[in-house]
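Trainee: After the structure tokens below, expect a handful of questions from me.
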Amino acid sequence: MDSVAHTVKGQAEQAHRSRWMDHLARAGLVAYGVVHLLVAWLAVQLAFGNGGREASSGGAFHELASHPFGRFALWVLAVGLVLLVAWRLLDAVLGDDDSNDGSDDAKGWGKRAAAAGKAALYAALAFSAFKTAIGAGGGKGKSMTATVMNWPGGQWLVVLAGMAVIGYGAYLVHRGWSDKFLEHLDQEGRVGDTGKVYRWFGKVGHIAKGVSTGIVGILVAHAGWTHQGKKDQGLGDALSTVLEQPFGPWLLCVIAAGIACYGLFCFARARHLDR
């Protein structure tokens with residue numbers, strides 16, 4: 001039994017380090033970048049009062065499906081997101097290539113936990129894309145926030161979830177401000193004029209995504225604190241909240257540009273992937 005488990009683990013590690021996994025990760029990153037560009041486009045439309053769709057990943061999927069050949073493109077996008085899930089699950093189980101040295105230190109386990117969280121995020125996006133592709137994304141049920149609010153201690157769970165989202169937003173802002181995201185690019189992607197462009201895409205993109213994520217967290221925490229959990233709070237609600245502020249349309253355009261930069265950085269990361 002131990003020999004079988006050892007063989008399976010060895011095959012998984014070999015697949016994880018293979019050139020094919022690089023290609024799959026690149027395809028997934030391109031799909032993730034496309035999602036961000038679509039969300040940015042919907043946010044700009046919302047800013048100028050032409051928002052027929054919510055500026056969120058769900059709205060982006062519905063917008064894509066409404067165009068000729070859009071459903072086919074949506075299937076391709078969903079498959080790309082599934083590839084991201086596979087990559088991150090292997091990272092969570094085996095560790096990334098930098099830390100896969102047999103050590104079980106806190107940093108290594110932290111990276112595994114982060115990879116598992118990203119896999120869950122990509123899986124949710126892929127599920128939403130598949131649902132939209134087959135035309136099953138229109139039903140309205142009880143929101144997850146409302147469901148959790150009815151659990152014992154549910155109000156505090158929602159507040160804690162909101163605080164966790166705020167923390168993740170702050171983490172993205174920190175990575176953008178400190179240029180930590182550059183570790184995802186190989187040496188060629190960090191140097192020269194092209195490297196400077198990638199740096200700005202990554203910096204602006206991470207900060208903008210962090211700010212919008214932080215607003216989502218504030219809305220979720222506020223919903224829990226005030227017992228107003230009838231609907232889930234997401235990116236679309238966060239961007240609508242920005243629109244309601246003084247100079248809201250211009251602020252929303254700035255955030256949309258930042259989200260687009262994050263999408264472009266995903267393309268740069270796909271081209272200069274360093275796992």
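In the structure tokens, each chain is lettered A, B, ... as it comes, each chain's residues begin at 1, and ligands are numbered from 1 in order of appearance.
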List the neighbours of Gly263 (chain A) out to 8 Å using only C-alpha atoms; skip same-chain residues closer than 3 positions along the sequence, and give me the result as a CSV table (one decimal) with all heavy atoms, in the first residue's frame.

Mentor:
```csv
chain,number,residue,atom,x,y,z
A,32,TYR,N,-7.9,33.7,-16.9
A,32,TYR,CA,-8.1,34.6,-15.8
A,32,TYR,C,-7.9,36.1,-16.1
A,32,TYR,O,-8.7,36.9,-15.7
A,32,TYR,CB,-7.1,34.2,-14.7
A,32,TYR,CG,-7.5,34.7,-13.3
A,32,TYR,CD1,-8.8,34.6,-12.8
A,32,TYR,CD2,-6.5,35.2,-12.4
A,32,TYR,CE1,-9.1,35.0,-11.5
A,32,TYR,CE2,-6.8,35.6,-11.2
A,32,TYR,CZ,-8.1,35.5,-10.7
A,32,TYR,OH,-8.4,35.9,-9.4
A,33,GLY,N,-7.0,36.3,-17.0
A,33,GLY,CA,-6.8,37.7,-17.5
A,33,GLY,C,-7.9,38.2,-18.3
A,33,GLY,O,-8.4,39.3,-18.2
A,34,VAL,N,-8.5,37.3,-19.1
A,34,VAL,CA,-9.7,37.7,-19.9
A,34,VAL,C,-10.9,38.1,-19.0
A,34,VAL,O,-11.6,39.0,-19.3
A,34,VAL,CB,-10.1,36.5,-20.9
A,34,VAL,CG1,-11.4,36.8,-21.5
A,34,VAL,CG2,-9.0,36.4,-22.0
A,35,VAL,N,-11.1,37.3,-17.9
A,35,VAL,CA,-12.1,37.6,-17.0
A,35,VAL,C,-12.0,39.0,-16.4
A,35,VAL,O,-12.9,39.8,-16.4
A,35,VAL,CB,-12.2,36.6,-15.9
A,35,VAL,CG1,-13.2,37.0,-14.8
A,35,VAL,CG2,-12.6,35.2,-16.4
A,36,HIS,N,-10.8,39.4,-16.1
A,36,HIS,CA,-10.5,40.7,-15.5
A,36,HIS,C,-10.8,41.8,-16.5
A,36,HIS,O,-11.3,42.9,-16.2
A,36,HIS,CB,-9.1,40.8,-14.9
A,36,HIS,CG,-9.0,40.1,-13.6
A,36,HIS,ND1,-8.8,38.8,-13.5
A,36,HIS,CD2,-9.0,40.6,-12.3
A,36,HIS,CE1,-8.7,38.5,-12.2
A,36,HIS,NE2,-8.8,39.6,-11.5
A,37,LEU,N,-10.4,41.6,-17.8
A,37,LEU,CA,-10.6,42.6,-18.8
A,37,LEU,C,-12.1,42.8,-19.1
A,37,LEU,O,-12.6,43.9,-19.3
A,37,LEU,CB,-9.9,42.2,-20.1
A,37,LEU,CG,-8.4,42.2,-20.1
A,37,LEU,CD1,-7.8,41.8,-21.5
A,37,LEU,CD2,-7.9,43.6,-19.7
A,205,GLY,N,-2.4,47.0,-11.1
A,205,GLY,CA,-3.4,46.0,-11.1
A,205,GLY,C,-3.7,45.4,-9.7
A,205,GLY,O,-4.8,45.3,-9.2
A,259,ILE,N,-8.1,47.2,-12.7
A,259,ILE,CA,-8.5,45.8,-12.9
A,259,ILE,C,-8.1,45.3,-14.3
A,259,ILE,O,-7.6,44.2,-14.5
A,259,ILE,CB,-10.1,45.7,-12.8
A,259,ILE,CG1,-10.4,45.9,-11.3
A,259,ILE,CG2,-10.5,44.3,-13.2
A,259,ILE,CD1,-11.9,46.0,-11.1
A,260,ALA,N,-8.2,46.2,-15.3
A,260,ALA,CA,-7.7,45.8,-16.6
A,260,ALA,C,-6.2,45.6,-16.6
A,260,ALA,O,-5.7,44.7,-17.3
A,260,ALA,CB,-8.0,46.9,-17.7
A,266,CYS,N,-1.7,39.3,-15.9
A,266,CYS,CA,-2.0,37.9,-16.0
A,266,CYS,C,-1.4,37.4,-17.4
A,266,CYS,O,-0.8,36.3,-17.4
A,266,CYS,CB,-3.4,37.5,-15.9
A,266,CYS,SG,-4.1,37.7,-14.3
A,267,PHE,N,-1.6,38.1,-18.4
A,267,PHE,CA,-1.0,37.8,-19.7
A,267,PHE,C,0.5,37.7,-19.7
A,267,PHE,O,1.2,36.8,-20.2
A,267,PHE,CB,-1.5,38.7,-20.8
A,267,PHE,CG,-3.0,38.7,-21.1
A,267,PHE,CD1,-3.6,39.8,-21.7
A,267,PHE,CD2,-3.8,37.6,-20.7
A,267,PHE,CE1,-5.0,39.8,-21.9
A,267,PHE,CE2,-5.1,37.6,-20.9
A,267,PHE,CZ,-5.7,38.7,-21.5
```

Trainee: Which polymer residues have any atom within 7 Å of an atom of Val85 (chain A), counting only C-alpha atoms, with same-chain residues fewer than 3 positions away left out, as a count of residues only?

Mentor: 7

Trainee: How far is it from CA of Ala120 (chain A) to CA of Ala31 (chain A), in Å with one decimal?

Mentor: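 Atom-to-atom, CA of Ala120 (chain A) and CA of Ala31 (chain A) are spaced 16.0 Å apart.
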
Trainee: Just to confirm, what's the straight-line distance from CA of Trp177 (chain A) to CA of Val39 (chain A) in Å (one decimal)?

Mentor: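 Interatomic distance here is 22.5 Å.
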
Trainee: Calculated over only C-alpha atoms, which of the candidates A:Arg175, A:Arg190, A:Lys196, A:His272 has the smallest distance to Ala208 (chain A)?

Mentor: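 Answer, going by the shortest atom-to-atom distance: A:Arg175.
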
Trainee: What's the 9 Å shell around Gly58 (chain A), counting only C-alpha atoms, without same-chain residues fewer than 6 positions away, as a PyMOL selection string?

Mentor: chain A and resi 39+125+128-129+132+137

Trainee: Using CA of Gly110 (chain A) and CA of Lys180 (chain A) as the two end points, give the distance in Å to one decimal.

Mentor: 16.1 Å

Trainee: Quick one: pick out all alpha helix (DSSP H) residues within region 11-181 of chain A from a backbone DSSP run and write them as a count of residues only.

Mentor: 129

Trainee: Under the rule that only C-alpha atoms are counted, which of A:Gly234, A:Gly258, A:Gly224, A:Gly217 is the nearest residue to Val204 (chain A)?

Mentor: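 Comparing A:Gly234, A:Gly258, A:Gly224, A:Gly217 against Val204 (chain A), the winner is A:Gly258.
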
Trainee: Excluding Cys253 (chain A) and residues on its chain fewer than 6 positions from it, collect all residues at most 12 Å away from it, counting only C-alpha atoms, and give them as number ranges by chain.

Mentor: A: 39-49, 55, 208, 239-240, 242-243, 247, 259-260

Trainee: Take the residues just selected and output them with all heavy atoms as a tab-separated table (two decimals), in the first residue's frame.

Mentor:
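out-v7.tsv written:
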```
chain	number	residue	atom	x	y	z
A	39	VAL	N	-14.52	42.26	-16.82
A	39	VAL	CA	-15.04	42.98	-15.66
A	39	VAL	C	-14.71	44.46	-15.75
A	39	VAL	O	-15.55	45.33	-15.45
A	39	VAL	CB	-14.48	42.38	-14.35
A	39	VAL	CG1	-14.84	43.26	-13.15
A	39	VAL	CG2	-15.02	40.97	-14.14
A	40	ALA	N	-13.49	44.78	-16.18
A	40	ALA	CA	-13.09	46.18	-16.34
A	40	ALA	C	-13.97	46.89	-17.36
A	40	ALA	O	-14.40	48.03	-17.16
A	40	ALA	CB	-11.62	46.27	-16.75
A	41	TRP	N	-14.26	46.21	-18.46
A	41	TRP	CA	-15.11	46.80	-19.50
A	41	TRP	C	-16.52	47.07	-18.97
A	41	TRP	O	-17.10	48.13	-19.21
A	41	TRP	CB	-15.17	45.88	-20.71
A	41	TRP	CG	-16.19	46.24	-21.74
A	41	TRP	CD1	-17.25	45.50	-22.14
A	41	TRP	CD2	-16.26	47.46	-22.50
A	41	TRP	NE1	-17.98	46.16	-23.10
A	41	TRP	CE2	-17.39	47.37	-23.35
A	41	TRP	CE3	-15.47	48.61	-22.55
A	41	TRP	CZ2	-17.75	48.38	-24.22
A	41	TRP	CZ3	-15.83	49.62	-23.43
A	41	TRP	CH2	-16.95	49.51	-24.24
A	42	LEU	N	-17.07	46.13	-18.21
A	42	LEU	CA	-18.40	46.33	-17.63
A	42	LEU	C	-18.39	47.46	-16.61
A	42	LEU	O	-19.37	48.21	-16.49
A	42	LEU	CB	-18.87	45.03	-16.97
A	42	LEU	CG	-19.20	43.88	-17.93
A	42	LEU	CD1	-19.57	42.63	-17.13
A	42	LEU	CD2	-20.34	44.25	-18.87
A	43	ALA	N	-17.29	47.60	-15.86
A	43	ALA	CA	-17.18	48.69	-14.88
A	43	ALA	C	-17.19	50.05	-15.58
A	43	ALA	O	-17.80	51.01	-15.10
A	43	ALA	CB	-15.92	48.52	-14.04
A	44	VAL	N	-16.50	50.15	-16.72
A	44	VAL	CA	-16.51	51.40	-17.49
A	44	VAL	C	-17.91	51.70	-17.99
A	44	VAL	O	-18.38	52.84	-17.93
A	44	VAL	CB	-15.51	51.32	-18.66
A	44	VAL	CG1	-15.67	52.52	-19.58
A	44	VAL	CG2	-14.08	51.25	-18.14
A	45	GLN	N	-18.61	50.67	-18.48
A	45	GLN	CA	-19.99	50.87	-18.93
A	45	GLN	C	-20.87	51.34	-17.77
A	45	GLN	O	-21.72	52.22	-17.94
A	45	GLN	CB	-20.54	49.57	-19.52
A	45	GLN	CG	-19.93	49.20	-20.86
A	45	GLN	CD	-20.59	47.97	-21.45
A	45	GLN	OE1	-20.72	46.94	-20.79
A	45	GLN	NE2	-21.01	48.06	-22.70
A	46	LEU	N	-20.67	50.76	-16.59
A	46	LEU	CA	-21.42	51.18	-15.41
A	46	LEU	C	-21.13	52.63	-15.06
A	46	LEU	O	-22.03	53.40	-14.71
A	46	LEU	CB	-21.07	50.27	-14.23
A	46	LEU	CG	-21.73	50.57	-12.89
A	46	LEU	CD1	-23.24	50.37	-12.97
A	46	LEU	CD2	-21.15	49.67	-11.79
A	47	ALA	N	-19.88	53.03	-15.19
A	47	ALA	CA	-19.48	54.40	-14.86
A	47	ALA	C	-20.18	55.42	-15.74
A	47	ALA	O	-20.53	56.52	-15.30
A	47	ALA	CB	-17.97	54.54	-14.98
A	48	PHE	N	-20.41	55.07	-17.00
A	48	PHE	CA	-21.03	56.00	-17.94
A	48	PHE	C	-22.52	55.74	-18.14
A	48	PHE	O	-23.12	56.22	-19.10
A	48	PHE	CB	-20.30	55.94	-19.29
A	48	PHE	CG	-18.93	56.55	-19.24
A	48	PHE	CD1	-17.80	55.75	-19.14
A	48	PHE	CD2	-18.76	57.92	-19.25
A	48	PHE	CE1	-16.54	56.30	-19.09
A	48	PHE	CE2	-17.49	58.49	-19.19
A	48	PHE	CZ	-16.37	57.67	-19.11
A	49	GLY	N	-23.11	54.96	-17.22
A	49	GLY	CA	-24.55	54.76	-17.25
A	49	GLY	C	-25.04	53.81	-18.31
A	49	GLY	O	-26.23	53.81	-18.65
A	55	ALA	N	-21.11	44.61	-12.98
A	55	ALA	CA	-19.66	44.58	-13.18
A	55	ALA	C	-19.04	43.58	-12.22
A	55	ALA	O	-18.48	43.94	-11.18
A	55	ALA	CB	-19.08	45.98	-12.98
A	208	ALA	N	-5.35	48.13	-7.40
A	208	ALA	CA	-6.77	48.33	-7.74
A	208	ALA	C	-7.61	47.14	-7.32
A	208	ALA	O	-8.71	47.30	-6.77
A	208	ALA	CB	-6.92	48.59	-9.23
A	239	LEU	N	-18.36	47.97	-6.70
A	239	LEU	CA	-18.18	48.99	-7.73
A	239	LEU	C	-19.38	49.93	-7.80
A	239	LEU	O	-19.21	51.13	-8.07
A	239	LEU	CB	-17.95	48.31	-9.09
A	239	LEU	CG	-16.67	47.45	-9.16
A	239	LEU	CD1	-16.51	46.84	-10.54
A	239	LEU	CD2	-15.43	48.26	-8.80
A	240	SER	N	-20.57	49.42	-7.53
A	240	SER	CA	-21.74	50.29	-7.47
A	240	SER	C	-21.64	51.27	-6.30
A	240	SER	O	-22.04	52.43	-6.41
A	240	SER	CB	-23.02	49.46	-7.34
A	240	SER	OG	-23.24	48.67	-8.49
A	242	VAL	N	-18.80	52.46	-5.13
A	242	VAL	CA	-17.85	53.49	-5.58
A	242	VAL	C	-18.55	54.51	-6.46
A	242	VAL	O	-18.32	55.72	-6.35
A	242	VAL	CB	-16.69	52.83	-6.36
A	242	VAL	CG1	-15.81	53.89	-7.02
A	242	VAL	CG2	-15.85	51.96	-5.44
A	243	LEU	N	-19.45	54.04	-7.33
A	243	LEU	CA	-20.16	54.93	-8.25
A	243	LEU	C	-21.01	55.95	-7.50
A	243	LEU	O	-21.21	57.08	-7.98
A	243	LEU	CB	-21.05	54.10	-9.19
A	243	LEU	CG	-21.78	54.84	-10.31
A	243	LEU	CD1	-20.78	55.52	-11.25
A	243	LEU	CD2	-22.68	53.89	-11.08
A	247	PHE	N	-17.57	62.20	-7.31
A	247	PHE	CA	-16.68	61.86	-8.43
A	247	PHE	C	-16.68	60.35	-8.70
A	247	PHE	O	-15.69	59.80	-9.21
A	247	PHE	CB	-15.24	62.34	-8.18
A	247	PHE	CG	-15.13	63.81	-7.87
A	247	PHE	CD1	-14.93	64.24	-6.56
A	247	PHE	CD2	-15.26	64.76	-8.88
A	247	PHE	CE1	-14.84	65.59	-6.27
A	247	PHE	CE2	-15.16	66.11	-8.59
A	247	PHE	CZ	-14.96	66.53	-7.29
A	259	ILE	N	-8.14	47.20	-12.75
A	259	ILE	CA	-8.53	45.80	-12.94
A	259	ILE	C	-8.08	45.31	-14.31
A	259	ILE	O	-7.63	44.17	-14.46
A	259	ILE	CB	-10.06	45.66	-12.77
A	259	ILE	CG1	-10.45	45.93	-11.31
A	259	ILE	CG2	-10.52	44.26	-13.18
A	259	ILE	CD1	-11.94	45.96	-11.06
A	260	ALA	N	-8.18	46.19	-15.32
A	260	ALA	CA	-7.68	45.83	-16.65
A	260	ALA	C	-6.17	45.59	-16.61
A	260	ALA	O	-5.66	44.65	-17.26
A	260	ALA	CB	-8.02	46.92	-17.66
```

Trainee: Find, counting only C-alpha atoms, the residue in A:Ala164, A:Thr147, A:Glu244, A:Val30 that gets nearest to Val216 (chain A).

Mentor: A:Ala164

Trainee: Pick the closest to Ala25 (chain A) from A:Val158, A:Ile166, A:Leu273, A:Leu94: which is it, counting only C-alpha atoms?

Mentor: A:Leu273

Trainee: Might you pull out every residue within 9 Å of region 150-156 of chain A, with only C-alpha atoms counted and same-chain residues fewer than 6 positions away left off, and present them as a list in words?

Mentor: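 Non-adjacent residues within range: Ala221, Ala223, Gly224, Trp225, Thr226, His227 and Gly229 of chain A.
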
Trainee: Write a file of the selected residues as a PDB file, in the first residue's frame, keeping N, CA, C and O atoms.

Mentor:
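Final output, saved to part.pdb:
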```pdb
ATOM      1  N   ALA A 221     -18.845  42.589   5.907  1.00  0.00           N
ATOM      2  CA  ALA A 221     -18.780  42.792   7.353  1.00  0.00           C
ATOM      3  C   ALA A 221     -19.933  43.676   7.827  1.00  0.00           C
ATOM      4  O   ALA A 221     -20.550  43.410   8.875  1.00  0.00           O
ATOM      5  N   ALA A 223     -22.868  43.962   6.400  1.00  0.00           N
ATOM      6  CA  ALA A 223     -24.094  43.169   6.314  1.00  0.00           C
ATOM      7  C   ALA A 223     -24.256  42.280   7.542  1.00  0.00           C
ATOM      8  O   ALA A 223     -25.361  42.124   8.078  1.00  0.00           O
ATOM      9  N   GLY A 224     -23.153  41.687   7.999  1.00  0.00           N
ATOM     10  CA  GLY A 224     -23.217  40.861   9.198  1.00  0.00           C
ATOM     11  C   GLY A 224     -23.478  41.678  10.447  1.00  0.00           C
ATOM     12  O   GLY A 224     -24.294  41.302  11.298  1.00  0.00           O
ATOM     13  N   TRP A 225     -22.828  42.824  10.551  1.00  0.00           N
ATOM     14  CA  TRP A 225     -22.953  43.664  11.753  1.00  0.00           C
ATOM     15  C   TRP A 225     -24.360  44.229  11.903  1.00  0.00           C
ATOM     16  O   TRP A 225     -24.870  44.358  13.011  1.00  0.00           O
ATOM     17  N   THR A 226     -24.994  44.562  10.790  1.00  0.00           N
ATOM     18  CA  THR A 226     -26.314  45.203  10.818  1.00  0.00           C
ATOM     19  C   THR A 226     -27.459  44.230  10.535  1.00  0.00           C
ATOM     20  O   THR A 226     -28.598  44.653  10.369  1.00  0.00           O
ATOM     21  N   HIS A 227     -27.153  42.935  10.452  1.00  0.00           N
ATOM     22  CA  HIS A 227     -28.160  41.898  10.174  1.00  0.00           C
ATOM     23  C   HIS A 227     -28.822  42.093   8.820  1.00  0.00           C
ATOM     24  O   HIS A 227     -29.967  41.687   8.620  1.00  0.00           O
ATOM     25  N   GLY A 229     -28.369  40.712   5.637  1.00  0.00           N
ATOM     26  CA  GLY A 229     -27.714  39.722   4.796  1.00  0.00           C
ATOM     27  C   GLY A 229     -28.635  39.088   3.782  1.00  0.00           C
ATOM     28  O   GLY A 229     -28.500  37.917   3.459  1.00  0.00           O
TER      29      GLY A 229
END
```

Trainee: Give me the residues within 10 Å of Ala65 (chain A) as a VMD selection string, counting only C-alpha atoms and dropping any in the same chain fewer than 3 places off.

Mentor: chain A and resid 59 to 62 68 to 75 129 132 to 135

Trainee: Compare A:Val159, A:Ala114, A:Ala238, A:Leu24 by their minimum atom-to-atom distance to Gly95 (chain A), counting only C-alpha atoms, and give me the closest one.

Mentor: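 For Gly95 (chain A), the nearest of the given residues is A:Ala114.
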